[in-house]
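upload20.cif follows; it contains mmCIF, C-alpha atoms.
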```cif
data_start
loop_
_atom_site.group_PDB
_atom_site.id
_atom_site.type_symbol
_atom_site.label_atom_id
_atom_site.label_comp_id
_atom_site.auth_asym_id
_atom_site.auth_seq_id
_atom_site.Cartn_x
_atom_site.Cartn_y
_atom_site.Cartn_z
ATOM 1 C CA MET A 702 20.515 138.856 128.647
ATOM 2 C CA LEU A 703 21.818 139.615 125.138
ATOM 3 C CA LYS A 704 25.469 139.116 124.337
ATOM 4 C CA PRO A 705 27.316 141.980 122.561
ATOM 5 C CA LEU A 706 27.379 140.185 119.196
ATOM 6 C CA GLN A 707 23.654 139.521 119.361
ATOM 7 C CA VAL A 708 23.093 143.223 119.940
ATOM 8 C CA LEU A 709 25.266 144.132 116.977
ATOM 9 C CA GLY A 710 23.624 141.595 114.735
ATOM 10 C CA ALA A 711 25.053 139.557 111.897
ATOM 11 C CA PRO A 712 25.236 142.404 109.314
ATOM 12 C CA ALA A 713 27.299 144.529 111.654
ATOM 13 C CA LEU A 714 29.570 141.582 112.365
ATOM 14 C CA LEU A 715 30.070 140.991 108.641
ATOM 15 C CA LEU A 716 30.979 144.619 108.155
ATOM 16 C CA LEU A 717 33.551 144.362 110.909
ATOM 17 C CA VAL A 718 35.079 141.258 109.339
ATOM 18 C CA ALA A 719 35.106 142.856 105.901
ATOM 19 C CA ALA A 720 36.775 145.953 107.258
ATOM 20 C CA CYS A 721 39.546 143.853 108.749
ATOM 21 C CA ALA A 722 39.958 141.700 105.653
ATOM 22 C CA SER A 723 40.287 144.681 103.341
ATOM 23 C CA THR A 724 43.552 145.764 104.954
ATOM 24 C CA ALA A 725 45.185 142.350 105.090
ATOM 25 C CA PRO A 726 47.975 142.061 102.530
ATOM 26 C CA PRO A 727 47.606 139.249 100.018
ATOM 27 C CA ALA A 728 49.794 136.155 100.378
ATOM 28 C CA ALA A 729 52.791 135.401 98.147
ATOM 29 C CA THR A 730 52.454 137.844 95.315
ATOM 30 C CA ILE A 731 55.907 138.694 94.078
ATOM 31 C CA ARG A 732 58.139 137.097 91.464
ATOM 32 C CA SER A 733 61.040 138.155 89.246
ATOM 33 C CA SER A 734 60.472 138.933 85.583
ATOM 34 C CA ALA A 735 63.029 136.256 84.694
ATOM 35 C CA LEU A 736 63.610 133.053 86.616
ATOM 36 C CA THR A 737 67.182 132.901 87.882
ATOM 37 C CA ALA A 738 68.872 130.308 90.053
ATOM 38 C CA PRO A 739 68.687 130.938 93.800
ATOM 39 C CA ALA A 740 71.826 132.673 95.097
ATOM 40 C CA ASP A 741 72.950 129.667 97.142
ATOM 41 C CA LEU A 742 72.864 127.394 94.095
ATOM 42 C CA GLN A 743 74.783 129.940 92.017
ATOM 43 C CA LEU A 744 77.483 130.111 94.669
ATOM 44 C CA LEU A 745 77.681 126.321 94.928
ATOM 45 C CA CYS A 746 78.475 126.308 91.220
ATOM 46 C CA ALA A 747 81.113 129.016 91.657
ATOM 47 C CA GLY A 748 82.725 127.129 94.531
ATOM 48 C CA GLU A 749 82.863 123.927 92.554
ATOM 49 C CA ALA A 750 84.363 125.774 89.565
ATOM 50 C CA ALA A 751 87.069 127.266 91.790
ATOM 51 C CA THR A 752 87.973 123.819 93.088
ATOM 52 C CA ARG A 753 87.828 121.990 89.804
ATOM 53 C CA PHE A 754 89.750 124.589 87.796
ATOM 54 C CA SER A 755 92.208 125.419 90.606
ATOM 55 C CA VAL A 756 91.263 129.078 90.802
ATOM 56 C CA ALA A 757 91.093 131.271 93.911
ATOM 57 C CA ALA A 758 87.513 131.313 95.148
ATOM 58 C CA ASP A 759 87.447 135.113 95.349
ATOM 59 C CA LYS A 760 88.171 135.299 91.606
ATOM 60 C CA VAL A 761 85.130 133.268 90.612
ATOM 61 C CA LEU A 762 81.654 134.745 90.408
ATOM 62 C CA PRO A 763 78.358 133.654 88.855
ATOM 63 C CA SER A 764 77.381 136.049 86.067
ATOM 64 C CA ALA A 765 73.988 134.775 84.895
ATOM 65 C CA SER A 766 71.586 131.887 85.381
ATOM 66 C CA ARG A 767 68.424 130.438 83.977
ATOM 67 C CA PRO A 768 66.235 127.313 84.246
ATOM 68 C CA GLY A 769 67.929 124.222 82.792
ATOM 69 C CA THR A 770 66.505 122.158 79.996
ATOM 70 C CA VAL A 771 65.693 119.400 82.478
ATOM 71 C CA ALA A 772 62.978 120.227 84.982
ATOM 72 C CA GLY A 773 64.314 121.000 88.447
ATOM 73 C CA THR A 774 67.711 122.164 87.214
ATOM 74 C CA PHE A 775 69.378 125.515 86.641
ATOM 75 C CA GLU A 776 72.131 126.550 84.263
ATOM 76 C CA VAL A 777 74.652 128.934 85.819
ATOM 77 C CA ASP A 778 77.323 130.898 83.926
ATOM 78 C CA VAL A 779 80.444 131.381 86.001
ATOM 79 C CA ARG A 780 83.158 133.998 85.430
ATOM 80 C CA LEU A 781 86.715 132.754 85.865
ATOM 81 C CA PRO A 782 89.877 134.885 85.750
ATOM 82 C CA ILE A 783 90.319 133.629 82.211
ATOM 83 C CA GLY A 784 87.169 132.621 80.388
ATOM 84 C CA GLY A 785 84.156 131.104 81.991
ATOM 85 C CA ALA A 786 82.329 127.916 82.782
ATOM 86 C CA ARG A 787 78.815 126.607 82.542
ATOM 87 C CA CYS A 788 77.395 124.695 85.463
ATOM 88 C CA ILE A 789 74.197 122.696 85.684
ATOM 89 C CA ILE A 790 72.879 122.214 89.183
ATOM 90 C CA ASP A 791 69.671 120.690 90.455
ATOM 91 C CA ASP A 792 67.370 122.324 92.932
ATOM 92 C CA LYS A 793 68.704 120.094 95.698
ATOM 93 C CA GLY A 794 72.195 121.551 95.255
ATOM 94 C CA SER A 795 73.843 118.665 93.380
ATOM 95 C CA ILE A 796 76.132 119.637 90.505
ATOM 96 C CA VAL A 797 74.995 117.789 87.391
ATOM 97 C CA SER A 798 77.768 119.052 85.119
ATOM 98 C CA LEU A 799 80.477 121.702 84.992
ATOM 99 C CA GLU A 800 82.453 122.564 81.880
ATOM 100 C CA ARG A 801 84.538 125.423 80.609
ATOM 101 C CA SER A 802 82.600 127.478 78.114
ATOM 102 C CA MET B 1486 86.963 139.303 82.673
ATOM 103 C CA SER B 1487 84.901 141.530 80.473
ATOM 104 C CA GLY B 1488 82.566 144.328 81.243
ATOM 105 C CA GLY B 1489 84.569 145.940 83.997
ATOM 106 C CA VAL B 1490 83.699 149.323 85.399
ATOM 107 C CA SER B 1491 86.422 151.851 84.731
ATOM 108 C CA ARG B 1492 87.377 154.620 87.105
ATOM 109 C CA ARG B 1493 86.515 157.198 84.478
ATOM 110 C CA ARG B 1494 83.102 155.713 83.885
ATOM 111 C CA LEU B 1495 82.380 155.535 87.578
ATOM 112 C CA LEU B 1496 83.434 159.105 88.161
ATOM 113 C CA ALA B 1497 81.375 160.265 85.232
ATOM 114 C CA LEU B 1498 78.377 158.527 86.701
ATOM 115 C CA ALA B 1499 79.138 159.297 90.299
ATOM 116 C CA GLY B 1500 76.802 162.221 90.432
ATOM 117 C CA ALA B 1501 74.271 160.970 87.971
ATOM 118 C CA GLY B 1502 70.919 159.741 89.058
ATOM 119 C CA LEU B 1503 71.423 160.287 92.751
ATOM 120 C CA ALA B 1504 67.938 161.647 93.175
ATOM 121 C CA ALA B 1505 67.290 158.827 95.549
ATOM 122 C CA GLY B 1506 70.311 159.909 97.492
ATOM 123 C CA LEU B 1507 72.532 156.993 96.786
ATOM 124 C CA VAL B 1508 76.221 157.384 96.711
ATOM 125 C CA GLY B 1509 76.858 155.043 93.878
ATOM 126 C CA ALA B 1510 77.459 154.764 90.216
ATOM 127 C CA GLY B 1511 76.971 152.125 87.661
ATOM 128 C CA PRO B 1512 78.477 150.236 84.824
ATOM 129 C CA ALA B 1513 77.515 150.530 81.228
ATOM 130 C CA ARG B 1514 75.231 147.504 81.227
ATOM 131 C CA ALA B 1515 73.234 145.912 83.971
ATOM 132 C CA GLN B 1516 70.486 143.442 84.531
ATOM 133 C CA ALA B 1517 66.993 143.734 83.216
ATOM 134 C CA VAL B 1518 65.399 141.482 85.809
ATOM 135 C CA TYR B 1519 62.741 143.247 87.853
ATOM 136 C CA SER B 1520 59.931 142.408 90.245
ATOM 137 C CA GLN B 1521 56.384 141.599 89.232
ATOM 138 C CA ILE B 1522 53.301 141.432 91.429
ATOM 139 C CA TYR B 1523 50.217 139.279 90.947
ATOM 140 C CA ASP B 1524 47.059 141.230 90.281
ATOM 141 C CA ALA B 1525 44.316 139.017 91.686
ATOM 142 C CA LYS B 1526 41.545 141.039 90.057
ATOM 143 C CA ARG B 1527 42.992 140.809 86.570
ATOM 144 C CA LYS B 1528 44.503 137.390 87.267
ATOM 145 C CA LYS B 1529 47.846 138.256 85.761
ATOM 146 C CA TRP B 1530 51.362 139.345 86.687
ATOM 147 C CA ILE B 1531 52.123 143.028 86.294
ATOM 148 C CA ASP B 1532 55.303 145.040 86.706
ATOM 149 C CA TYR B 1533 56.020 146.125 90.263
ATOM 150 C CA ASP B 1534 57.046 149.689 89.456
ATOM 151 C CA PRO B 1535 57.454 152.676 91.814
ATOM 152 C CA SER B 1536 53.819 153.679 91.386
ATOM 153 C CA ARG B 1537 52.500 150.217 92.297
ATOM 154 C CA ALA B 1538 55.014 149.904 95.116
ATOM 155 C CA GLN B 1539 53.759 153.151 96.636
ATOM 156 C CA GLN B 1540 50.137 152.065 96.229
ATOM 157 C CA TYR B 1541 50.874 148.751 97.925
ATOM 158 C CA TYR B 1542 52.685 150.428 100.807
ATOM 159 C CA GLN B 1543 49.860 152.905 101.310
ATOM 160 C CA ALA B 1544 47.258 150.128 101.282
ATOM 161 C CA TYR B 1545 49.012 147.683 103.603
ATOM 162 C CA GLY B 1546 51.562 149.746 105.490
ATOM 163 C CA SER B 1547 54.365 147.394 104.531
ATOM 164 C CA VAL B 1548 56.170 145.838 101.617
ATOM 165 C CA PRO B 1549 54.952 142.476 100.195
ATOM 166 C CA ALA B 1550 55.583 139.503 102.485
ATOM 167 C CA GLU B 1551 58.405 138.179 100.310
ATOM 168 C CA PHE B 1552 60.480 141.262 101.085
ATOM 169 C CA LYS B 1553 60.039 141.085 104.843
ATOM 170 C CA ARG B 1554 62.910 139.912 107.031
ATOM 171 C CA GLN B 1555 62.822 136.150 107.558
ATOM 172 C CA LEU B 1556 65.000 133.128 108.309
ATOM 173 C CA VAL B 1557 65.339 130.847 105.271
ATOM 174 C CA PRO B 1558 67.271 127.691 104.300
ATOM 175 C CA PHE B 1559 70.530 128.585 102.520
ATOM 176 C CA ARG B 1560 72.992 125.944 101.281
ATOM 177 C CA THR B 1561 76.400 127.533 101.170
ATOM 178 C CA ALA B 1562 80.040 127.022 101.992
ATOM 179 C CA GLU B 1563 80.372 130.718 102.850
ATOM 180 C CA LYS B 1564 81.072 131.423 106.502
ATOM 181 C CA PRO B 1565 78.301 132.594 108.826
ATOM 182 C CA GLY B 1566 78.317 136.372 108.840
ATOM 183 C CA THR B 1567 78.891 136.667 105.082
ATOM 184 C CA ILE B 1568 76.487 138.914 103.178
ATOM 185 C CA ILE B 1569 75.209 137.659 99.832
ATOM 186 C CA ILE B 1570 73.146 139.948 97.645
ATOM 187 C CA ASP B 1571 70.860 138.538 94.965
ATOM 188 C CA GLY B 1572 70.141 141.632 92.921
ATOM 189 C CA ASP B 1573 67.820 139.824 90.535
ATOM 190 C CA ARG B 1574 65.462 138.599 93.235
ATOM 191 C CA HIS B 1575 65.932 141.670 95.442
ATOM 192 C CA PHE B 1576 67.164 139.754 98.461
ATOM 193 C CA LEU B 1577 70.099 140.252 100.812
ATOM 194 C CA TYR B 1578 71.146 137.143 102.757
ATOM 195 C CA LEU B 1579 73.153 137.178 105.950
ATOM 196 C CA VAL B 1580 74.572 133.665 106.293
ATOM 197 C CA GLN B 1581 73.802 131.926 109.592
ATOM 198 C CA PRO B 1582 75.034 128.589 110.973
ATOM 199 C CA ASP B 1583 73.375 125.311 109.987
ATOM 200 C CA PHE B 1584 72.675 126.210 106.351
ATOM 201 C CA LYS B 1585 70.324 129.055 107.111
ATOM 202 C CA ALA B 1586 70.334 132.763 106.352
ATOM 203 C CA ILE B 1587 68.435 135.848 107.392
ATOM 204 C CA ARG B 1588 66.826 137.207 104.239
ATOM 205 C CA TYR B 1589 66.024 140.903 103.825
ATOM 206 C CA GLY B 1590 64.191 142.636 100.960
ATOM 207 C CA ILE B 1591 66.277 145.221 99.129
ATOM 208 C CA GLY B 1592 66.153 147.869 96.425
ATOM 209 C CA VAL B 1593 68.976 147.730 93.866
ATOM 210 C CA GLY B 1594 70.480 149.655 90.965
ATOM 211 C CA ARG B 1595 68.167 150.608 88.156
ATOM 212 C CA ASP B 1596 68.836 149.481 84.596
ATOM 213 C CA GLY B 1597 72.415 150.364 83.728
ATOM 214 C CA PHE B 1598 73.439 150.841 87.343
ATOM 215 C CA GLY B 1599 73.683 147.255 88.545
ATOM 216 C CA TRP B 1600 77.008 145.636 89.329
ATOM 217 C CA ALA B 1601 78.470 142.413 90.648
ATOM 218 C CA GLY B 1602 81.545 141.594 92.658
ATOM 219 C CA ILE B 1603 83.137 140.532 95.899
ATOM 220 C CA VAL B 1604 83.752 143.411 98.298
ATOM 221 C CA SER B 1605 83.757 143.987 102.042
ATOM 222 C CA ILE B 1606 82.418 146.416 104.603
ATOM 223 C CA GLY B 1607 85.067 149.074 105.168
ATOM 224 C CA ARG B 1608 83.192 151.590 107.291
ATOM 225 C CA MET B 1609 79.940 151.686 109.243
ATOM 226 C CA VAL B 1610 77.989 154.785 110.249
ATOM 227 C CA GLU B 1611 74.791 155.335 112.228
ATOM 228 C CA TRP B 1612 72.460 158.019 110.847
ATOM 229 C CA PRO B 1613 74.996 158.979 108.167
ATOM 230 C CA SER B 1614 75.152 162.382 106.562
ATOM 231 C CA TRP B 1615 74.842 162.682 102.811
ATOM 232 C CA THR B 1616 76.420 165.143 100.406
ATOM 233 C CA PRO B 1617 75.030 165.546 96.889
ATOM 234 C CA PRO B 1618 77.763 165.492 94.249
ATOM 235 C CA PRO B 1619 78.318 168.644 92.141
ATOM 236 C CA GLU B 1620 76.649 167.072 89.108
ATOM 237 C CA MET B 1621 73.447 166.577 91.055
ATOM 238 C CA ILE B 1622 73.475 170.120 92.383
ATOM 239 C CA ALA B 1623 73.862 171.386 88.825
ATOM 240 C CA ARG B 1624 70.889 169.301 87.750
ATOM 241 C CA ASP B 1625 68.688 169.970 90.737
ATOM 242 C CA PRO B 1626 69.309 173.358 92.369
ATOM 243 C CA ARG B 1627 67.162 172.348 95.362
ATOM 244 C CA SER B 1628 69.895 169.961 96.418
ATOM 245 C CA ALA B 1629 72.336 172.902 96.698
ATOM 246 C CA GLN B 1630 71.165 173.477 100.249
ATOM 247 C CA TRP B 1631 72.950 170.243 101.155
ATOM 248 C CA ALA B 1632 76.184 171.048 99.310
ATOM 249 C CA ASN B 1633 78.046 170.883 102.590
ATOM 250 C CA GLY B 1634 76.268 167.745 103.687
ATOM 251 C CA MET B 1635 72.750 166.795 104.756
ATOM 252 C CA PRO B 1636 72.739 165.783 108.420
ATOM 253 C CA GLY B 1637 71.658 162.275 109.313
ATOM 254 C CA GLY B 1638 67.984 161.835 110.169
ATOM 255 C CA PRO B 1639 64.722 160.278 109.003
ATOM 256 C CA ASP B 1640 64.625 162.380 105.835
ATOM 257 C CA ASN B 1641 68.207 161.627 104.857
ATOM 258 C CA PRO B 1642 68.294 159.399 101.751
ATOM 259 C CA LEU B 1643 70.824 157.069 103.392
ATOM 260 C CA GLY B 1644 68.411 156.289 106.197
ATOM 261 C CA ALA B 1645 69.293 154.979 109.633
ATOM 262 C CA ARG B 1646 72.548 153.157 108.889
ATOM 263 C CA ALA B 1647 75.177 152.922 106.162
ATOM 264 C CA MET B 1648 77.758 150.234 105.528
ATOM 265 C CA TYR B 1649 80.394 151.491 103.089
ATOM 266 C CA LEU B 1650 81.630 148.855 100.682
ATOM 267 C CA TYR B 1651 85.359 148.657 100.034
ATOM 268 C CA GLU B 1652 87.482 146.640 97.659
ATOM 269 C CA GLY B 1653 91.235 146.295 98.078
ATOM 270 C CA GLY B 1654 91.158 148.839 100.878
ATOM 271 C CA LYS B 1655 89.458 151.503 98.745
ATOM 272 C CA ASP B 1656 85.930 152.871 98.895
ATOM 273 C CA THR B 1657 83.881 151.496 96.009
ATOM 274 C CA ILE B 1658 81.405 154.406 96.368
ATOM 275 C CA TYR B 1659 78.669 151.802 96.838
ATOM 276 C CA ARG B 1660 76.868 151.366 100.157
ATOM 277 C CA ILE B 1661 74.343 149.187 101.889
ATOM 278 C CA HIS B 1662 72.071 151.688 103.590
ATOM 279 C CA GLY B 1663 68.600 152.517 104.851
ATOM 280 C CA THR B 1664 66.079 154.671 103.094
ATOM 281 C CA ALA B 1665 63.546 157.426 103.563
ATOM 282 C CA GLU B 1666 61.402 155.620 100.961
ATOM 283 C CA PRO B 1667 60.429 152.287 102.570
ATOM 284 C CA TRP B 1668 58.051 151.496 99.718
ATOM 285 C CA SER B 1669 61.012 151.253 97.312
ATOM 286 C CA ILE B 1670 62.122 147.800 98.499
ATOM 287 C CA GLY B 1671 61.838 145.311 95.646
ATOM 288 C CA LEU B 1672 62.569 147.878 92.953
ATOM 289 C CA ASN B 1673 65.468 148.601 90.605
ATOM 290 C CA ILE B 1674 65.674 152.192 91.674
ATOM 291 C CA SER B 1675 69.099 153.183 92.943
ATOM 292 C CA SER B 1676 72.365 154.249 91.383
ATOM 293 C CA GLY B 1677 74.016 151.032 92.442
ATOM 294 C CA CYS B 1678 73.666 151.135 96.206
ATOM 295 C CA ILE B 1679 71.754 148.466 98.100
ATOM 296 C CA ARG B 1680 68.913 149.834 100.208
ATOM 297 C CA LEU B 1681 66.925 148.221 102.995
ATOM 298 C CA ASN B 1682 64.150 149.713 105.062
ATOM 299 C CA ASN B 1683 65.383 151.363 108.243
ATOM 300 C CA ASP B 1684 64.307 148.570 110.607
ATOM 301 C CA ASP B 1685 66.088 145.992 108.487
ATOM 302 C CA VAL B 1686 69.268 147.993 107.954
ATOM 303 C CA THR B 1687 69.452 148.601 111.701
ATOM 304 C CA ASP B 1688 69.063 144.876 112.319
ATOM 305 C CA LEU B 1689 71.692 143.997 109.719
ATOM 306 C CA TYR B 1690 74.070 146.648 111.053
ATOM 307 C CA SER B 1691 73.854 145.131 114.535
ATOM 308 C CA ARG B 1692 74.873 141.704 113.191
ATOM 309 C CA VAL B 1693 77.904 142.589 111.042
ATOM 310 C CA ALA B 1694 81.310 144.196 111.475
ATOM 311 C CA ILE B 1695 84.043 145.878 109.478
ATOM 312 C CA LYS B 1696 85.652 143.410 107.035
ATOM 313 C CA THR B 1697 82.427 141.449 106.558
ATOM 314 C CA LYS B 1698 82.595 139.786 103.134
ATOM 315 C CA VAL B 1699 79.887 140.919 100.696
ATOM 316 C CA ILE B 1700 79.151 138.985 97.501
ATOM 317 C CA VAL B 1701 76.976 140.802 94.978
ATOM 318 C CA LEU B 1702 75.254 138.755 92.258
ATOM 319 C CA MET B 1703 73.317 140.323 89.419
ATOM 320 C CA SER B 1704 72.575 138.806 86.024
ATOM 321 C CA GLY B 1705 74.391 140.450 83.171
ATOM 322 C CA ALA B 1706 75.856 143.176 85.360
ATOM 323 C CA ALA B 1707 79.409 144.330 84.830
ATOM 324 C CA LEU B 1708 81.981 143.245 87.349
ATOM 325 C CA TYR B 1709 83.162 145.862 89.809
ATOM 326 C CA ARG B 1710 86.841 146.509 89.122
ATOM 327 C CA GLY B 1711 87.721 149.408 91.332
ATOM 328 C CA VAL B 1712 87.635 153.154 91.085
#
```

So that I can check it, write out the structure of this file as structure tokens.
Amino acid sequence: MLKPLQVLGAPALLLLVAACASTAPPAATIRSSALTAPADLQLLCAGEAATRFSVAADKVLPSASRPGTVAGTFEVDVRLPIGGARCIIDDKGSIVSLERS
Amino acid sequence: MSGGVSRRRLLALAGAGLAAGLVGAGPARAQAVYSQIYDAKRKKWIDYDPSRAQQYYQAYGSVPAEFKRQLVPFRTAEKPGTIIIDGDRHFLYLVQPDFKAIRYGIGVGRDGFGWAGIVSIGRMVEWPSWTPPPEMIARDPRSAQWANGMPGGPDNPLGARAMYLYEGGKDTIYRIHGTAEPWSIGLNISSGCIRLNNDDVTDLYSRVAIKTKVIVLMSGAALYRGV
């Protein structure tokens, strides 16, 4: 006795597979046009700036970020009530440096 | 702090560019970071614009995987329940315990309409109504039919839920809301509001409350300073 797939035959089976595959969305396909620091790293920098410069945390906000000059780091600009600061943080969340700018 | 958004500027912009139905307005300068999608046939990254977003949604019935709701690691000192919006990467994070967050894909303000700041949820509405501002009615007479308010429903631009963002007890005129255009997630398309697809905004709405802290990050965007 023939099984259903044997009745359909290999070409029909391939068509079925192809039909399914054609509607499957591709994997990881999106990026940003500019690489910015992940939000959690930006906020770690802002929190550290608030502590180090004795400023209320709700008055400190990251304003821009970009990859650092050293691989695996990001440079984060932080707004303070007066002036700003520049923070370098690695991708593990460790602050490398933090200085008023 | 420089680059603040004045009341006058906000009011001037309040009715501008609300074609997508957003009740928001924007500062003079905003981010220029936008999404790109990999074209496997041409083997290169191309801009993820409204046309491509619609094509993708039609082909796959959903947004790209990156913009789907998911639990992700998130190292933060912010309390669980805090909302953090990364306008550059088009993600909204809802902080969870144990250094995790629920990440949602979002649509954000188009060029010139982005903003940054620390605000909070001041009001929450299910299936909100929407009223086009006078400037929009003047520009698009078709919207005049909703001059007294468009009832909530699947065609309403605010979608299934709206969370009204307040600062210092006042309405900022920005909202986190759903959308009648689910393909628009991942785009810089709004007038400053944050949009999620209706399933996601309903999920988020069920997890937050009035007074939830909302931190909005966006490269180069002016700081929200009240209206």

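Computed from the coordinates, the atom CA of B:Glu1652 to atom CA of A:Cys788 distance equals 27.1 Å.
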
Practice problem: Apply the PyMOL selection byres ((chain B) within 10 of (chain A)) to the file shown and report the selected residues as a PyMOL selection string. | Solution: chain B and resi 1486-1487+1516-1525+1530-1533+1541-1542+1544-1552+1558-1563+1569-1578+1584+1601-1604+1671+1700-1708

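Reported to one decimal place, the separation of atom CA of A:Cys746 from atom CA of A:Ala786 is 9.4 Å.
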
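Interatomic distance, atom CA of A:Phe754 against atom CA of A:Arg801: 8.9 Å.
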
Taking all atoms of stretch 754-762 of chain A that the file lists, what box with edges along x, y and z, padded by 3 Å per side, do you get, with centre and edge lengths in Å to one decimal, as AutoDock Vina command-line options?
```
--center_x 86.9 --center_y 129.9 --center_z 91.6 --size_x 16.6 --size_y 16.7 --size_z 13.6
```

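If only C-alpha atoms are the atoms counted, then among A:Val771, A:Val797, A:Val779, A:Ser802 the closest residue to A:Ala751 is A:Val779.
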
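When the PyMOL selection byres ((chain B and resi 1641) around 9) is evaluated against the file, it yields B:Gly1506, B:Trp1612, B:Pro1613, B:Ser1614, B:Trp1615, B:Met1635, B:Pro1636, B:Gly1637, B:Gly1638, B:Pro1639, B:Asp1640, B:Pro1642, B:Leu1643, B:Gly1644, B:Ala1645, B:Thr1664, B:Ala1665.
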
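Considering the residues B:Leu1650, B:Ile1587, B:Val1557, B:Ile1674 and counting all atoms listed in the file, B:Lys1696 has its shortest atom-to-atom contact with B:Leu1650.
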